[in-house]
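Visitor: A single structure is presented below for examination.
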Amino acid sequence: MQLIDQAVIGLNNLTVKGRRARVKPEELLILLPTCLQAASCEQNVIGDLAHCLRCGRCRIGPLLELAERYGVKVAVAKGGRLAVNRAKAPEVKAIVAVACEKELRTGIFACLPKPVLAVTNERPNGPCCETDVDIDAVEQAIQWLTRTS
Ligand code: SF4
């Protein structure tokens, strides 16, 4: 199933780029999964990302800095349904989504017709536990969707 999900994600990302989707920074939402957070962290980043201390123990801090640098919105969502609800907000016109293949595939279809550039997370500790993500891949997705030409 993971191979099918990967194929769907790859095709989706190609299609989004083929549509030449482009939005203003304030219309772009980066959606992050809770499993990026360090397991030992007690900060309530789901309630409010301002609680993140940017301590360097997980990728949430660098991703917050990235979002600030580009002036885009960022949120941590617990579960696919909450992530989709957040993505469907009228002020959100495009999404950079970080998650596992299964969540990304579901989210891409649930958010249609909004463009979603999907970045698969890395799972060195197994599923749903202290996952990681390629920050450069997230930045490239932001740059693509907010480009000016
Ligand atoms: S970077 Fe933020 S979310 Fe990650 S462990 Fe530190 S305080 Fe917690």
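Residue numbering restarts at 1 for every chain of the structure tokens, chains are lettered A, B, ... in their displayed order, and ligands are numbered from 1 as they appear.
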Can you pull out the residues contacting A:His51? Cut-off 12 Å, using only C-alpha atoms, and skip same-chain residues under 5 positions away; I want them as a PDB file with all heavy atoms, in the first residue's frame.
Guide:
ATOM      1  N   CYS A  41       9.067  16.222  25.243  1.00  0.00           N
ATOM      2  CA  CYS A  41       8.669  17.635  25.308  1.00  0.00           C
ATOM      3  C   CYS A  41       7.267  17.767  25.895  1.00  0.00           C
ATOM      4  O   CYS A  41       6.342  17.100  25.454  1.00  0.00           O
ATOM      5  CB  CYS A  41       8.717  18.252  23.912  1.00  0.00           C
ATOM      6  SG  CYS A  41       8.186  19.967  23.894  1.00  0.00           S
ATOM      7  N   GLU A  42       7.129  18.648  26.866  1.00  0.00           N
ATOM      8  CA  GLU A  42       5.827  18.836  27.507  1.00  0.00           C
ATOM      9  C   GLU A  42       5.148  20.123  27.064  1.00  0.00           C
ATOM     10  O   GLU A  42       4.104  20.500  27.599  1.00  0.00           O
ATOM     11  CB  GLU A  42       6.001  18.824  29.035  1.00  0.00           C
ATOM     12  CG  GLU A  42       6.478  17.471  29.534  1.00  0.00           C
ATOM     13  CD  GLU A  42       6.619  17.419  31.038  1.00  0.00           C
ATOM     14  OE1 GLU A  42       6.569  18.462  31.696  1.00  0.00           O
ATOM     15  OE2 GLU A  42       6.786  16.289  31.549  1.00  0.00           O
ATOM     16  N   GLN A  43       5.740  20.798  26.077  1.00  0.00           N
ATOM     17  CA  GLN A  43       5.138  22.045  25.605  1.00  0.00           C
ATOM     18  C   GLN A  43       3.886  21.738  24.776  1.00  0.00           C
ATOM     19  O   GLN A  43       3.892  20.842  23.935  1.00  0.00           O
ATOM     20  CB  GLN A  43       6.141  22.821  24.741  1.00  0.00           C
ATOM     21  CG  GLN A  43       7.406  23.230  25.474  1.00  0.00           C
ATOM     22  CD  GLN A  43       7.114  24.034  26.712  1.00  0.00           C
ATOM     23  OE1 GLN A  43       7.386  23.579  27.827  1.00  0.00           O
ATOM     24  NE2 GLN A  43       6.509  25.195  26.540  1.00  0.00           N
ATOM     25  N   ASN A  44       2.838  22.506  24.984  1.00  0.00           N
ATOM     26  CA  ASN A  44       1.582  22.276  24.265  1.00  0.00           C
ATOM     27  C   ASN A  44       1.617  22.969  22.902  1.00  0.00           C
ATOM     28  O   ASN A  44       0.959  23.987  22.678  1.00  0.00           O
ATOM     29  CB  ASN A  44       0.406  22.796  25.097  1.00  0.00           C
ATOM     30  CG  ASN A  44      -0.921  22.595  24.381  1.00  0.00           C
ATOM     31  OD1 ASN A  44      -1.015  21.828  23.413  1.00  0.00           O
ATOM     32  ND2 ASN A  44      -1.951  23.293  24.820  1.00  0.00           N
ATOM     33  N   VAL A  45       2.392  22.395  21.984  1.00  0.00           N
ATOM     34  CA  VAL A  45       2.527  23.028  20.672  1.00  0.00           C
ATOM     35  C   VAL A  45       1.305  22.803  19.789  1.00  0.00           C
ATOM     36  O   VAL A  45       1.117  23.507  18.803  1.00  0.00           O
ATOM     37  CB  VAL A  45       3.807  22.554  19.943  1.00  0.00           C
ATOM     38  CG1 VAL A  45       5.049  23.014  20.672  1.00  0.00           C
ATOM     39  CG2 VAL A  45       3.822  21.054  19.745  1.00  0.00           C
ATOM     40  N   ILE A  46       0.491  21.814  20.151  1.00  0.00           N
ATOM     41  CA  ILE A  46      -0.745  21.615  19.369  1.00  0.00           C
ATOM     42  C   ILE A  46      -1.700  22.765  19.653  1.00  0.00           C
ATOM     43  O   ILE A  46      -2.302  23.326  18.744  1.00  0.00           O
ATOM     44  CB  ILE A  46      -1.409  20.275  19.728  1.00  0.00           C
ATOM     45  CG1 ILE A  46      -0.451  19.127  19.429  1.00  0.00           C
ATOM     46  CG2 ILE A  46      -2.699  20.077  18.932  1.00  0.00           C
ATOM     47  CD1 ILE A  46      -0.903  17.803  19.990  1.00  0.00           C
ATOM     48  N   ILE A  60      10.456  20.950  15.205  1.00  0.00           N
ATOM     49  CA  ILE A  60       9.392  21.960  15.277  1.00  0.00           C
ATOM     50  C   ILE A  60      10.004  23.375  15.302  1.00  0.00           C
ATOM     51  O   ILE A  60       9.548  24.264  14.589  1.00  0.00           O
ATOM     52  CB  ILE A  60       8.514  21.760  16.536  1.00  0.00           C
ATOM     53  CG1 ILE A  60       7.881  20.365  16.531  1.00  0.00           C
ATOM     54  CG2 ILE A  60       7.471  22.858  16.651  1.00  0.00           C
ATOM     55  CD1 ILE A  60       6.636  20.192  15.754  1.00  0.00           C
ATOM     56  N   GLY A  61      11.055  23.558  16.106  1.00  0.00           N
ATOM     57  CA  GLY A  61      11.682  24.881  16.216  1.00  0.00           C
ATOM     58  C   GLY A  61      12.206  25.384  14.874  1.00  0.00           C
ATOM     59  O   GLY A  61      11.843  26.491  14.441  1.00  0.00           O
ATOM     60  N   LEU A  64       9.374  26.352  12.618  1.00  0.00           N
ATOM     61  CA  LEU A  64       8.776  27.635  13.007  1.00  0.00           C
ATOM     62  C   LEU A  64       9.598  28.791  12.449  1.00  0.00           C
ATOM     63  O   LEU A  64       9.045  29.772  11.927  1.00  0.00           O
ATOM     64  CB  LEU A  64       8.746  27.752  14.532  1.00  0.00           C
ATOM     65  CG  LEU A  64       7.544  27.182  15.264  1.00  0.00           C
ATOM     66  CD1 LEU A  64       7.740  27.339  16.760  1.00  0.00           C
ATOM     67  CD2 LEU A  64       6.292  27.902  14.819  1.00  0.00           C
ATOM     68  N   VAL A  76       0.454  22.666  13.963  1.00  0.00           N
ATOM     69  CA  VAL A  76       0.624  21.249  14.269  1.00  0.00           C
ATOM     70  C   VAL A  76      -0.769  20.678  14.478  1.00  0.00           C
ATOM     71  O   VAL A  76      -1.542  21.209  15.281  1.00  0.00           O
ATOM     72  CB  VAL A  76       1.473  21.053  15.545  1.00  0.00           C
ATOM     73  CG1 VAL A  76       1.544  19.582  15.913  1.00  0.00           C
ATOM     74  CG2 VAL A  76       2.869  21.614  15.349  1.00  0.00           C
TER      75      VAL A  76
END
Visitor: Go through chain A residue by residue and, counting only C-alpha atoms and all ligand atoms, keep those with an atom at most 12 Å from ligand 1; for each kept residue give the shortest atom pair and its distance in Å to one decimal, ordered by chain and increasing number, as JSON lines.
Guide:
{"residue": "A:Leu32", "atom": "CA", "partner": "ligand 1", "partner_atom_place_in_ligand_line": "3 (S)", "distance": 11.2}
{"residue": "A:Pro33", "atom": "CA", "partner": "ligand 1", "partner_atom_place_in_ligand_line": "3 (S)", "distance": 11.2}
{"residue": "A:Thr34", "atom": "CA", "partner": "ligand 1", "partner_atom_place_in_ligand_line": "3 (S)", "distance": 9.0}
{"residue": "A:Cys35", "atom": "CA", "partner": "ligand 1", "partner_atom_place_in_ligand_line": "3 (S)", "distance": 10.0}
{"residue": "A:Leu36", "atom": "CA", "partner": "ligand 1", "partner_atom_place_in_ligand_line": "4 (Fe)", "distance": 7.6}
{"residue": "A:Gln37", "atom": "CA", "partner": "ligand 1", "partner_atom_place_in_ligand_line": "3 (S)", "distance": 4.9}
{"residue": "A:Ala38", "atom": "CA", "partner": "ligand 1", "partner_atom_place_in_ligand_line": "5 (S)", "distance": 4.6}
{"residue": "A:Ala39", "atom": "CA", "partner": "ligand 1", "partner_atom_place_in_ligand_line": "5 (S)", "distance": 7.6}
{"residue": "A:Ser40", "atom": "CA", "partner": "ligand 1", "partner_atom_place_in_ligand_line": "5 (S)", "distance": 7.1}
{"residue": "A:Cys41", "atom": "CA", "partner": "ligand 1", "partner_atom_place_in_ligand_line": "8 (Fe)", "distance": 4.6}
{"residue": "A:Glu42", "atom": "CA", "partner": "ligand 1", "partner_atom_place_in_ligand_line": "8 (Fe)", "distance": 6.7}
{"residue": "A:Gln43", "atom": "CA", "partner": "ligand 1", "partner_atom_place_in_ligand_line": "8 (Fe)", "distance": 5.5}
{"residue": "A:Asn44", "atom": "CA", "partner": "ligand 1", "partner_atom_place_in_ligand_line": "3 (S)", "distance": 8.0}
{"residue": "A:Val45", "atom": "CA", "partner": "ligand 1", "partner_atom_place_in_ligand_line": "3 (S)", "distance": 6.2}
{"residue": "A:Ile46", "atom": "CA", "partner": "ligand 1", "partner_atom_place_in_ligand_line": "3 (S)", "distance": 9.3}
{"residue": "A:Gly47", "atom": "CA", "partner": "ligand 1", "partner_atom_place_in_ligand_line": "3 (S)", "distance": 11.6}
{"residue": "A:Asp48", "atom": "CA", "partner": "ligand 1", "partner_atom_place_in_ligand_line": "3 (S)", "distance": 10.5}
{"residue": "A:Leu49", "atom": "CA", "partner": "ligand 1", "partner_atom_place_in_ligand_line": "3 (S)", "distance": 8.0}
{"residue": "A:Ala50", "atom": "CA", "partner": "ligand 1", "partner_atom_place_in_ligand_line": "2 (Fe)", "distance": 8.9}
{"residue": "A:His51", "atom": "CA", "partner": "ligand 1", "partner_atom_place_in_ligand_line": "7 (S)", "distance": 7.1}
{"residue": "A:Cys52", "atom": "CA", "partner": "ligand 1", "partner_atom_place_in_ligand_line": "2 (Fe)", "distance": 3.7}
{"residue": "A:Leu53", "atom": "CA", "partner": "ligand 1", "partner_atom_place_in_ligand_line": "7 (S)", "distance": 3.9}
{"residue": "A:Arg54", "atom": "CA", "partner": "ligand 1", "partner_atom_place_in_ligand_line": "1 (S)", "distance": 3.9}
{"residue": "A:Cys55", "atom": "CA", "partner": "ligand 1", "partner_atom_place_in_ligand_line": "6 (Fe)", "distance": 4.1}
{"residue": "A:Gly56", "atom": "CA", "partner": "ligand 1", "partner_atom_place_in_ligand_line": "1 (S)", "distance": 4.9}
{"residue": "A:Arg57", "atom": "CA", "partner": "ligand 1", "partner_atom_place_in_ligand_line": "5 (S)", "distance": 4.6}
{"residue": "A:Cys58", "atom": "CA", "partner": "ligand 1", "partner_atom_place_in_ligand_line": "4 (Fe)", "distance": 4.1}
{"residue": "A:Arg59", "atom": "CA", "partner": "ligand 1", "partner_atom_place_in_ligand_line": "4 (Fe)", "distance": 6.1}
{"residue": "A:Ile60", "atom": "CA", "partner": "ligand 1", "partner_atom_place_in_ligand_line": "4 (Fe)", "distance": 5.0}
{"residue": "A:Gly61", "atom": "CA", "partner": "ligand 1", "partner_atom_place_in_ligand_line": "1 (S)", "distance": 4.2}
{"residue": "A:Pro62", "atom": "CA", "partner": "ligand 1", "partner_atom_place_in_ligand_line": "1 (S)", "distance": 7.5}
{"residue": "A:Leu63", "atom": "CA", "partner": "ligand 1", "partner_atom_place_in_ligand_line": "1 (S)", "distance": 9.1}
{"residue": "A:Leu64", "atom": "CA", "partner": "ligand 1", "partner_atom_place_in_ligand_line": "2 (Fe)", "distance": 8.9}
{"residue": "A:Glu65", "atom": "CA", "partner": "ligand 1", "partner_atom_place_in_ligand_line": "1 (S)", "distance": 10.5}
{"residue": "A:Ala75", "atom": "CA", "partner": "ligand 1", "partner_atom_place_in_ligand_line": "3 (S)", "distance": 11.8}
{"residue": "A:Val76", "atom": "CA", "partner": "ligand 1", "partner_atom_place_in_ligand_line": "3 (S)", "distance": 9.9}
{"residue": "A:Glu130", "atom": "CA", "partner": "ligand 1", "partner_atom_place_in_ligand_line": "4 (Fe)", "distance": 9.6}
{"residue": "A:Thr131", "atom": "CA", "partner": "ligand 1", "partner_atom_place_in_ligand_line": "4 (Fe)", "distance": 11.1}
{"residue": "A:Asp132", "atom": "CA", "partner": "ligand 1", "partner_atom_place_in_ligand_line": "4 (Fe)", "distance": 11.0}
Visitor: Compile the contact shell of A:Met1 as a PyMOL selection string: residues with an atom at most 10 Å away, counting only C-alpha atoms, same-chain residues fewer than 5 positions apart removed.
Guide: chain A and resi 6-7+101-102
Visitor: Write down as a VMD selection string the residues belonging to chain A that are assigned strand (DSSP E or B) by DSSP computed on the backbone.
Guide: chain A and resid 28 to 33 73 to 77 94 to 99 116 to 120 122 132
Visitor: Could you name the residues that touch A:Ala137 at 12 Å or less, counting only C-alpha atoms, but leaving out those on the same chain fewer than 4 positions away, as a JSON list (two decimals) with C-alpha atoms, in the first residue's frame?
Guide:
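And here is the file that came out, part-v9.json:
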[["chain", "number", "residue", "atom", "x", "y", "z"],
["A", 63, "LEU", "CA", 10.21, 24.73, 11.00],
["A", 66, "LEU", "CA", 11.32, 28.74, 8.42],
["A", 96, "VAL", "CA", 2.63, 22.25, 2.42],
["A", 97, "ALA", "CA", 1.85, 19.07, 4.32],
["A", 98, "VAL", "CA", 4.31, 16.93, 6.27],
["A", 117, "LEU", "CA", 2.58, 19.92, -1.83],
["A", 118, "ALA", "CA", 3.29, 16.82, 0.22],
["A", 119, "VAL", "CA", 6.57, 16.12, 2.03],
["A", 120, "THR", "CA", 6.88, 12.63, 3.47],
["A", 121, "ASN", "CA", 8.29, 12.44, 6.97],
["A", 122, "GLU", "CA", 11.17, 10.19, 8.01],
["A", 132, "ASP", "CA", 11.92, 13.76, 11.23],
["A", 133, "VAL", "CA", 11.62, 15.74, 8.01],
["A", 141, "ALA", "CA", 7.87, 23.50, -1.38],
["A", 142, "ILE", "CA", 7.29, 26.89, 0.27],
["A", 143, "GLN", "CA", 9.45, 28.60, -2.32],
["A", 144, "TRP", "CA", 7.55, 26.96, -5.16]]
Visitor: Just the residues within 12 Å of A:Arg19, please, counting only C-alpha atoms, with nothing from its chain fewer than 6 positions along; format it as a PyMOL selection string.
Guide: chain A and resi 12-13+113-117+144-145
Visitor: What does the file look like for those residues with C-alpha atoms, as a short mmCIF file (atom, residue, chain, number, x, y, z; two decimals), in the first residue's frame?
Guide:
data_model
loop_
_atom_site.label_atom_id
_atom_site.label_comp_id
_atom_site.auth_asym_id
_atom_site.auth_seq_id
_atom_site.Cartn_x
_atom_site.Cartn_y
_atom_site.Cartn_z
CA ASN A 12 -0.03 14.92 -6.86
CA ASN A 13 3.13 16.98 -6.43
CA PRO A 113 -9.24 21.43 -5.05
CA LYS A 114 -6.71 23.24 -2.88
CA PRO A 115 -3.13 22.53 -3.96
CA VAL A 116 -1.15 20.45 -1.46
CA LEU A 117 2.58 19.92 -1.83
CA TRP A 144 7.55 26.96 -5.16
CA LEU A 145 4.10 27.88 -3.92
#
Visitor: Taking into account only C-alpha atoms, which residue in the set A:Val72, A:Ile108, A:Ala99, A:Ala87 is nearest to A:Glu139?
Guide: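 Checking each of A:Val72, A:Ile108, A:Ala99, A:Ala87 against A:Glu139, counting only C-alpha atoms, the winner is A:Val72.
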Visitor: Find the spatial neighbours of A:Asp5, counting only C-alpha atoms, within a cut-off of 10 Å - ignore same-chain residues fewer than 3 positions away - and output them as a ChimeraX atom specification.
Guide: /A:1-2,8-11,100-106
Visitor: I need the residue nearest A:Leu29 from this list: A:Ile95, A:Ser149, A:Ala77, A:Arg123. Use only C-alpha atoms for the distance.
Guide: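 Of A:Ile95, A:Ser149, A:Ala77, A:Arg123, the one nearest A:Leu29 is A:Ile95, counting only C-alpha atoms.
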Visitor: Report the distance between atom CA of A:Pro127 and atom CA of A:Leu3 in Å, rounded to one decimal place.
Guide: 16.1 Å
Visitor: If you run DSSP on the backbone, which residues of stretch 9-49 of chain A are alpha helix (DSSP H), as an MDAnalysis selection string?
Guide: chainID A and resid 9:18
Visitor: Write a file of the selected residues as a PDB file, in the first residue's frame, keeping N, CA and C atoms.
Guide:
ATOM      1  N   ILE A   9       1.325  10.420  -4.089  1.00  0.00           N
ATOM      2  CA  ILE A   9       1.965  11.650  -3.607  1.00  0.00           C
ATOM      3  C   ILE A   9       2.841  12.261  -4.704  1.00  0.00           C
ATOM      4  N   GLY A  10       3.614  11.411  -5.377  1.00  0.00           N
ATOM      5  CA  GLY A  10       4.483  11.906  -6.448  1.00  0.00           C
ATOM      6  C   GLY A  10       3.667  12.511  -7.579  1.00  0.00           C
ATOM      7  N   LEU A  11       2.584  11.836  -7.941  1.00  0.00           N
ATOM      8  CA  LEU A  11       1.717  12.325  -9.022  1.00  0.00           C
ATOM      9  C   LEU A  11       1.049  13.630  -8.609  1.00  0.00           C
ATOM     10  N   ASN A  12       0.599  13.688  -7.360  1.00  0.00           N
ATOM     11  CA  ASN A  12      -0.026  14.919  -6.856  1.00  0.00           C
ATOM     12  C   ASN A  12       0.940  16.091  -6.930  1.00  0.00           C
ATOM     13  N   ASN A  13       2.176  15.872  -6.442  1.00  0.00           N
ATOM     14  CA  ASN A  13       3.133  16.983  -6.430  1.00  0.00           C
ATOM     15  C   ASN A  13       3.450  17.454  -7.852  1.00  0.00           C
ATOM     16  N   LEU A  14       3.530  16.510  -8.775  1.00  0.00           N
ATOM     17  CA  LEU A  14       3.751  16.884 -10.175  1.00  0.00           C
ATOM     18  C   LEU A  14       2.578  17.677 -10.720  1.00  0.00           C
ATOM     19  N   THR A  15       1.375  17.234 -10.359  1.00  0.00           N
ATOM     20  CA  THR A  15       0.169  17.907 -10.852  1.00  0.00           C
ATOM     21  C   THR A  15       0.074  19.321 -10.310  1.00  0.00           C
ATOM     22  N   VAL A  16       0.375  19.478  -8.990  1.00  0.00           N
ATOM     23  CA  VAL A  16       0.332  20.824  -8.385  1.00  0.00           C
ATOM     24  C   VAL A  16       1.315  21.737  -9.115  1.00  0.00           C
ATOM     25  N   LYS A  17       2.498  21.225  -9.410  1.00  0.00           N
ATOM     26  CA  LYS A  17       3.484  22.050 -10.109  1.00  0.00           C
ATOM     27  C   LYS A  17       3.051  22.307 -11.554  1.00  0.00           C
ATOM     28  N   GLY A  18       2.405  21.298 -12.155  1.00  0.00           N
ATOM     29  CA  GLY A  18       1.902  21.460 -13.507  1.00  0.00           C
ATOM     30  C   GLY A  18       0.800  22.505 -13.597  1.00  0.00           C
TER      31      GLY A  18
END
